[in-house]
Amino acid sequence: MIDNSIRTDLFSPTKLGEIELSNRIVMAPLTRGRTNEDGVQNELNATYYVQRVSAGLIISEATNISAQGRGYAMTPGIWTEDQVAGWKKVTDAIHVAGGKIVMQLWHVGRFSHVDLQPNREAPVAPSVIETDGNVFTNRGIERASIPRALGTNEIPYIIEQYRHAAECAKRAGFDGVEVHSANNYLLEQFLRDSTNHRTDQYGGSIENRARLILEVVDAVTHIWGGGRVGIRLSPVTTEIGNTPLDSNVMTTYSYLIQQLNKFKLAYLHFVEGTMGKNRDIPEGINLDALRSLFDGAYIGNNNYDLEMAISRRAEGKVDAIAFGRPFISNPDLVERLRYGIELVDANNDAYYGNGAKGYTDWLKANP
Ligand code: PHB
């Protein structure tokens, strides 16, 4: 039998900040839409994660930090005690099975719908800019509602939502948290000049547009320490909602990444290309150059296969690789990659939905 561990160190232990991994294959955050209406995880969710425990690190599906931060029905939350208790079932099971799991902290910003918001209020965003992006309500797929712009006096409340969620994630037994600052959700809406037209200290200059992200990271690292906090960025992704890029990607993200260095974070995690789609990088943008500005570890993600993972690792371009969709239909992805076992393709229909079908019923190659 082939053993790819003789030609790559992807299957060997490493450390991301203070988080020790048994290998460099990471399970990327994957929305699966299988909680109850209160965003509480259950035994089935624990089973799903434990099936994938051979990942060196599991990044949880994106988890709403507050009722206001929610944009998709049946996604988990981390602001109530029931949600903490639900997630504790997952983290305990992962730890018994010898794995590591961090929680991805999520506020969707403008990608929500009044049906999902407290008191049917408009979703919040840096500016009133409508999107044709879709969200998922209890009635099915719907166009996102027109957002309202956050007042400057509301920003401390946003930071408090992140702080509270980070504290809840700690009590829920996670090994760390990942700040979701990618895929054009709230934090990236603030960063990009295409979605932020504010004139207060959170809009205009690059320093102002990056301010909220840095204040959130500051709050979260006060709970966890930098060595257990990662951040996910997507400098060139137009997903979700066909959102335009920042007008100066290199300057904007360079500034942000250099500022992030002072927090000594566990890792930087990039969506390389367009989330879930291609790895095309527009002319004039160099993700490796952006990555090299970061002092800590780096997780690469988006449409990797084994050969690309091995060569990017051999070139020293990545410390770990996050695989997303392959983990849906290959719970034993690490073993399959290591021993050259063919991967099973997931059907899109299985991504979101109800119950065990397409969720916990994927087989391991060697049960
Ligand atoms: C999704 O639910 O489709 C989704 C959630 C979080 C992401 C990207 C996509 O970062």
# chains A, B, ... in the order shown; residues from 1 in each chain; ligands from 1
>>> closest_atom_pairs(of="region 38-146 of chain A", to="region 230-244 of chain A", cutoff="7 Å", atoms="only C-alpha atoms", output="Markdown table")
| residue | atom | partner | partner_atom | distance |
| --- | --- | --- | --- | --- |
| A:Thr131 | CA | A:Gly241 | CA | 6.2 |
| A:Asp132 | CA | A:Gly241 | CA | 5.9 |
| A:Gly133 | CA | A:Gly241 | CA | 3.7 |
| A:Asn134 | CA | A:Gly241 | CA | 6.9 |
>>> closest_atom_pairs(of="chain A", to="ligand 1", cutoff="6 Å", atoms="only C-alpha atoms and all ligand atoms", output="tab-separated table")
residue	atom	partner	partner_atom_place_in_ligand_line	distance
A:Thr31	CA	ligand 1	2 (O)	4.8
A:Ala62	CA	ligand 1	6 (C)	5.6
A:Asn183	CA	ligand 1	10 (O)	5.1
>>> closest_residue(among="A:Thr47, A:Asn23, A:Ser311, A:Ser66", to="Asp361 (chain A)", atoms="only C-alpha atoms")
A:Thr47
>>> closest_residue(among="A:Gly316, A:Gly284, A:Pro118, A:Gly173", to="Tyr298 (chain A)", atoms="only C-alpha atoms")
A:Gly316
>>> closest_residue(among="A:Gly77, A:Gly71, A:Gly300, A:Gly86", to="Ser145 (chain A)", atoms="only C-alpha atoms")
A:Gly71
>>> closest_residue(among="A:Thr252, A:Thr8, A:Gln161, A:Gln41", to="Gln68 (chain A)", atoms="only C-alpha atoms")
A:Gln161
>>> closest_residue(among="A:Asp9, A:Trp224, A:Gln201, A:Asp332", to="Glu315 (chain A)", atoms="only C-alpha atoms")
A:Asp9
>>> residues_around(residues="Leu290 (chain A)", least_positions_apart="3", cutoff="8 Å", atoms="only C-alpha atoms", output="NGL selection string")
:A and (250 or 253-254 or 257 or 286-287 or 293-294)
